[in-house]
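Text of entry31.txt, listed as compact mmCIF, C-alpha atoms and all ligand atoms:
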```txt
# COMPACT_ATOMS: atom_id res chain seq x y z
CA MET A 1 107.69 26.96 -61.09
CA LYS A 2 106.41 28.61 -64.25
CA ARG A 3 102.76 29.30 -63.88
CA LEU A 4 99.86 30.91 -65.63
CA VAL A 5 96.92 31.83 -63.46
CA LEU A 6 93.67 31.18 -65.24
CA THR A 7 91.30 33.49 -63.49
CA THR A 8 88.05 34.24 -65.25
CA PHE A 9 89.55 37.62 -65.99
CA VAL A 10 92.43 36.26 -68.07
CA ALA A 11 90.44 33.35 -69.51
CA ALA A 12 89.97 35.19 -72.79
CA THR A 13 93.70 35.58 -73.35
CA LEU A 14 94.26 31.95 -72.47
CA HIS A 15 92.92 30.70 -75.76
CA THR A 16 95.53 32.62 -77.66
CA SER A 17 98.44 31.37 -75.60
CA ALA A 18 100.21 28.31 -77.01
CA TRP A 19 101.39 27.44 -73.51
CA SER A 20 97.88 26.81 -72.22
CA ALA A 21 95.66 26.64 -75.31
CA ASP A 22 94.94 22.96 -74.72
CA ALA A 23 93.85 23.42 -71.09
CA PRO A 24 90.26 22.24 -70.67
CA PRO A 25 87.79 25.05 -69.99
CA LEU A 26 87.31 25.90 -66.32
CA ASP A 27 83.60 25.10 -66.53
CA SER A 28 84.26 21.49 -67.52
CA VAL A 29 86.71 21.07 -64.64
CA LYS A 30 84.16 22.50 -62.24
CA VAL A 31 81.63 19.93 -63.43
CA VAL A 32 84.08 17.10 -62.64
CA ALA A 33 84.95 18.49 -59.18
CA GLY A 34 81.32 19.37 -58.39
CA GLY A 35 80.12 15.88 -59.33
CA TYR A 36 82.73 14.30 -57.09
CA ALA A 37 81.87 16.55 -54.12
CA LYS A 38 78.15 15.98 -54.54
CA GLN A 39 78.47 12.20 -54.70
CA MET A 40 80.77 12.13 -51.67
CA LYS A 41 78.32 14.11 -49.61
CA SER A 42 75.23 12.18 -50.64
CA GLY A 43 77.05 8.87 -49.98
CA LEU A 44 78.05 10.09 -46.54
CA ILE A 45 74.55 11.26 -45.63
CA GLU A 46 72.99 8.06 -46.91
CA GLN A 47 75.38 5.78 -45.02
CA MET A 48 75.11 7.80 -41.81
CA SER A 49 71.33 7.69 -41.85
CA LYS A 50 71.33 3.93 -42.56
CA ASN A 51 74.27 2.73 -40.48
CA GLY A 52 75.19 5.60 -38.16
CA PRO A 53 78.60 7.27 -37.99
CA GLU A 54 80.38 3.96 -38.35
CA GLY A 55 78.78 3.52 -41.78
CA GLY A 56 79.88 7.07 -42.51
CA ILE A 57 83.50 6.18 -41.80
CA ALA A 58 83.41 3.60 -44.57
CA ALA A 59 81.61 6.04 -46.87
CA CYS A 60 84.30 8.67 -46.30
CA SER A 61 87.13 6.23 -47.06
CA VAL A 62 85.99 3.48 -49.46
CA LYS A 63 83.65 5.73 -51.42
CA ALA A 64 86.34 8.40 -51.87
CA ALA A 65 88.77 5.88 -53.34
CA GLN A 66 86.11 4.38 -55.62
CA LEU A 67 84.95 7.75 -56.85
CA SER A 68 88.52 8.86 -57.56
CA ALA A 69 89.10 5.73 -59.65
CA GLU A 70 85.80 6.12 -61.54
CA THR A 71 86.32 9.80 -62.21
CA SER A 72 89.78 9.18 -63.54
CA THR A 73 88.52 6.45 -65.92
CA GLN A 74 85.56 8.50 -67.11
CA THR A 75 87.15 11.93 -67.46
CA GLY A 76 90.93 11.53 -67.45
CA TRP A 77 91.18 13.88 -64.48
CA ALA A 78 92.93 12.65 -61.34
CA VAL A 79 90.74 13.76 -58.43
CA LYS A 80 91.70 13.53 -54.78
CA ARG A 81 91.05 15.17 -51.44
CA VAL A 82 93.99 16.77 -49.69
CA SER A 83 94.52 18.25 -46.25
CA SER A 84 97.51 19.48 -44.25
CA LYS A 85 95.83 17.86 -41.22
CA ALA A 86 95.18 14.55 -42.95
CA ARG A 87 93.44 11.55 -41.50
CA ASN A 88 94.65 9.31 -44.30
CA PRO A 89 98.37 9.99 -44.91
CA LEU A 90 97.71 9.50 -48.65
CA ALA A 91 95.76 12.77 -48.52
CA LEU A 92 98.76 14.85 -47.49
CA PRO A 93 99.30 17.67 -50.01
CA ASP A 94 102.21 17.94 -52.41
CA ALA A 95 104.22 21.19 -52.40
CA TYR A 96 101.92 22.83 -54.94
CA GLU A 97 98.77 21.80 -53.07
CA GLN A 98 100.19 23.02 -49.76
CA GLU A 99 100.90 26.44 -51.23
CA VAL A 100 97.38 26.70 -52.66
CA LEU A 101 95.85 25.50 -49.37
CA ASN A 102 97.75 28.23 -47.50
CA GLY A 103 96.25 30.76 -49.90
CA PHE A 104 92.74 29.35 -49.36
CA GLU A 105 93.15 29.63 -45.58
CA LYS A 106 94.01 33.31 -45.98
CA GLU A 107 91.16 34.04 -48.39
CA ILE A 108 88.60 32.38 -46.13
CA ALA A 109 90.01 34.01 -42.98
CA GLY A 110 89.65 37.28 -44.90
CA GLY A 111 85.90 36.68 -45.25
CA LYS A 112 85.48 34.85 -48.57
CA GLU A 113 82.86 32.09 -48.64
CA ASP A 114 84.61 29.97 -51.21
CA ALA A 115 88.06 29.65 -52.71
CA SER A 116 89.30 27.90 -55.83
CA ARG A 117 92.17 28.11 -58.29
CA TYR A 118 92.77 26.84 -61.83
CA GLU A 119 96.08 27.12 -63.59
CA VAL A 120 98.58 25.45 -65.86
CA VAL A 121 101.84 24.50 -64.17
CA ARG A 122 105.05 22.90 -65.36
CA GLU A 123 106.28 19.99 -63.27
CA GLY A 124 109.24 17.82 -64.21
CA GLY A 125 109.29 19.34 -67.71
CA LEU A 126 105.61 18.54 -68.40
CA ARG A 127 102.56 20.78 -68.31
CA TYR A 128 99.55 20.00 -66.15
CA ALA A 129 96.22 21.77 -65.68
CA ARG A 130 95.46 21.86 -61.97
CA PHE A 131 92.25 22.87 -60.24
CA MET A 132 91.69 23.11 -56.50
CA LYS A 133 88.63 24.00 -54.49
CA ALA A 134 88.45 24.55 -50.74
CA VAL A 135 86.41 22.11 -48.65
CA ARG A 136 84.92 23.65 -45.53
CA ILE A 137 83.59 22.10 -42.34
CA GLU A 138 79.82 21.91 -41.95
CA PRO A 139 77.89 20.77 -38.84
CA LEU A 140 77.59 17.28 -40.39
CA CYS A 141 81.38 16.87 -40.41
CA LEU A 142 81.86 17.45 -36.68
CA THR A 143 80.84 13.89 -35.73
CA CYS A 144 84.15 12.71 -37.16
CA HIS A 145 86.30 15.84 -37.49
CA GLY A 146 85.21 17.93 -34.49
CA GLY A 147 86.53 18.04 -30.92
CA SER A 148 84.19 17.07 -28.10
CA GLU A 149 81.43 16.45 -30.70
CA VAL A 150 83.06 13.15 -31.71
CA PRO A 151 81.14 10.41 -29.86
CA PRO A 152 83.18 7.76 -27.95
CA ASN A 153 82.34 4.88 -30.33
CA VAL A 154 83.46 6.93 -33.34
CA GLU A 155 86.56 8.08 -31.46
CA GLN A 156 87.49 4.47 -30.80
CA LYS A 157 86.90 3.33 -34.37
CA LEU A 158 88.90 6.23 -35.79
CA SER A 159 91.84 5.62 -33.44
CA GLU A 160 91.92 1.96 -34.48
CA GLN A 161 91.78 2.66 -38.20
CA TYR A 162 93.82 5.87 -38.27
CA PRO A 163 96.46 5.79 -35.53
CA HIS A 164 98.11 8.92 -36.97
CA ASP A 165 94.86 10.86 -37.44
CA THR A 166 95.31 14.64 -37.25
CA ALA A 167 91.94 15.55 -38.80
CA ARG A 168 90.27 16.53 -35.54
CA GLY A 169 89.37 19.62 -33.57
CA TYR A 170 87.74 21.49 -36.47
CA LYS A 171 84.97 24.05 -36.08
CA VAL A 172 82.18 24.87 -38.54
CA GLY A 173 83.53 27.05 -41.33
CA ASP A 174 87.17 25.89 -41.01
CA VAL A 175 89.01 24.90 -44.18
CA ARG A 176 89.18 21.12 -43.89
CA GLY A 177 91.27 20.79 -47.02
CA ALA A 178 90.59 20.85 -50.73
CA LEU A 179 89.57 18.87 -53.74
CA SER A 180 92.53 18.65 -56.05
CA VAL A 181 92.13 17.74 -59.71
CA LYS A 182 94.88 17.39 -62.24
CA ILE A 183 95.33 16.44 -65.87
CA LYS A 184 98.49 16.09 -67.93
CA LEU A 185 98.58 18.29 -71.04
CA ASP A 186 101.87 17.26 -72.66
C1 LIG B 1 81.34 9.34 -40.26
C2 LIG B 1 82.63 9.96 -40.14
C3 LIG B 1 82.97 11.11 -41.05
C4 LIG B 1 82.21 12.23 -41.32
C5 LIG B 1 80.84 12.57 -40.79
C6 LIG B 1 83.02 13.05 -42.19
N1 LIG B 1 84.21 12.45 -42.44
FE1 LIG B 1 85.73 13.20 -43.55
N2 LIG B 1 86.82 11.56 -43.22
C7 LIG B 1 86.40 10.47 -42.48
C8 LIG B 1 87.37 9.41 -42.63
C9 LIG B 1 87.28 8.04 -42.00
C10 LIG B 1 88.38 9.91 -43.49
C11 LIG B 1 89.62 9.17 -43.99
C12 LIG B 1 89.26 8.57 -45.34
C13 LIG B 1 90.34 7.75 -45.97
O1 LIG B 1 90.75 6.75 -45.39
O2 LIG B 1 90.75 8.13 -47.07
C14 LIG B 1 87.99 11.25 -43.84
C15 LIG B 1 88.72 12.04 -44.70
C16 LIG B 1 88.32 13.28 -45.13
C17 LIG B 1 89.07 14.09 -46.06
C18 LIG B 1 90.37 13.71 -46.78
C19 LIG B 1 91.60 14.18 -46.12
C20 LIG B 1 92.02 13.33 -44.94
O3 LIG B 1 92.10 13.91 -43.86
O4 LIG B 1 92.28 12.12 -45.10
C21 LIG B 1 88.38 15.25 -46.21
C22 LIG B 1 88.75 16.44 -47.08
C23 LIG B 1 87.19 15.13 -45.40
N3 LIG B 1 87.20 13.92 -44.75
C24 LIG B 1 86.21 16.10 -45.31
C25 LIG B 1 85.01 15.92 -44.66
C26 LIG B 1 83.94 16.89 -44.69
C27 LIG B 1 84.01 18.24 -45.40
C28 LIG B 1 82.91 16.36 -43.97
C29 LIG B 1 81.55 16.94 -43.77
C30 LIG B 1 80.80 17.28 -44.96
C31 LIG B 1 83.35 15.05 -43.49
N4 LIG B 1 84.62 14.83 -43.94
C32 LIG B 1 82.58 14.23 -42.71
C33 LIG B 1 85.26 10.38 -41.72
C34 LIG B 1 84.23 11.28 -41.75
```

What do you get writing this file as structure tokens?
Amino acid sequence: MKRLVLTTFVAATLHTSAWSADAPPLDSVKVVAGGYAKQMKSGLIEQMSKNGPEGGIAACSVKAAQLSAETSTQTGWAVKRVSSKARNPLALPDAYEQEVLNGFEKEIAGGKEDASRYEVVREGGLRYARFMKAVRIEPLCLTCHGGSEVPPNVEQKLSEQYPHDTARGYKVGDVRGALSVKIKLD
């Protein structure tokens, strides 16, 4: 896959390259991803405080789908959450996302707090700008993604709704997955 890594360091050269000159600036992509992450988290906290973990389950599924649709309409960016240990099979990563996730795991295991990547890639003859940002486990997440922390009523609900759930057994700080945003340039 032909690829141009858009680190902040090479960002200046990017504007002069015909291959990636039309890629949106990293800052604007970060605003889209940050807005999505913030709304997901506040929706989750709100629902959990009103309706307990069971309300949170709906927030984590319905809200994610709604937000993805809204973001795509408003910004043109396709935004989704991906994980190699997915609860929803639709969140399984594509080959590109899997490779980036592997890199994030290494960076975070190596002591970095955060990991993200923005680059222009060619797929099926077309160019896409792709941004990914690691999502890490916080104490709040353990109710539904932890091990023994998952209460029996949540356990039961999750097994009913997600019979192939693999998104369990996480500890605080683990890479849960990533936000993945993509826009077609050609
Ligand atoms: C109240 C339960 C609950 C809590 C708390 C929760 N999640 Fe989830 N999470 C879910 C459910 C349910 C899904 C599947 C959503 C769907 O159907 O798309 C999910 C899916 C995800 C996904 C998408 C990938 C996949 O496995 O399908 C990510 C990423 C994720 N959660 C991260 C987090 C993070 C990070 C936290 C803590 C900030 C968190 N979740 C807290 C219930 C929860």

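Taking CA of Gly55 (chain A) and CA of Asp174 (chain A) as the two end points, the separation is 23.9 Å.
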
Draw an axis-aligned box tight on the listed atoms of ligand LIG 1 (chain B), then pad every side by 6 Å and write out centre and edge lengths in Å to one decimal as AutoDock Vina command-line options.
```
--center_x 86.5 --center_y 12.5 --center_z -43.6 --size_x 23.5 --size_y 23.5 --size_z 18.9
```

Proximity to Met48 (chain A) - best of A:Val120, A:Ala23, A:Ala167, A:Cys60, all atoms listed in the file: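 Closest candidate: A:Cys60.
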
Distance filter 9 Å around ligand LIG 1 (chain B), atoms: all atoms listed in the file, out as a PyMOL selection string: chain A and resi 40-41+44-45+47-48+52-65+80-92+134-145+154+157-158+161-162+165-168+175-179

Distance of CA of Glu149 (chain A) from CA of His164 (chain A), expressed in Å to one decimal place: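 Between these atoms lies a distance of 19.3 Å.
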
Computed interatomic separation between CA of Gln74 (chain A) and CA of Glu119 (chain A) (Å): 21.7 Å

Nearest to Ala109 (chain A), chosen from A:Ser28, A:Ala129, A:Gly173, A:Asn153, with all atoms listed in the file counted in the distances: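 Residue with the minimum atom-to-atom distance to Ala109 (chain A): A:Gly173.
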
Which of A:Gly146, A:Pro93, A:Trp77, A:Arg127 sits closest to Lys30 (chain A) [using only C-alpha atoms]: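 Once distances to Lys30 (chain A) are computed over only C-alpha atoms, the minimum belongs to A:Trp77.
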
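Of the listed residues A:Lys38, A:Lys171, A:Lys112, A:Lys182, the one whose atoms come nearest to Pro24 (chain A) is A:Lys182, with distances taken using all atoms listed in the file.
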
Which residue of A:Val32, A:Asp94, A:Gly111, A:Gln156 approaches Glu123 (chain A) most closely, using only C-alpha atoms: A:Asp94

Selected residue, from A:Asp114, A:Phe131, A:Lys106, A:Leu101, that lies nearest to Leu26 (chain A) when counting all atoms listed in the file: A:Phe131
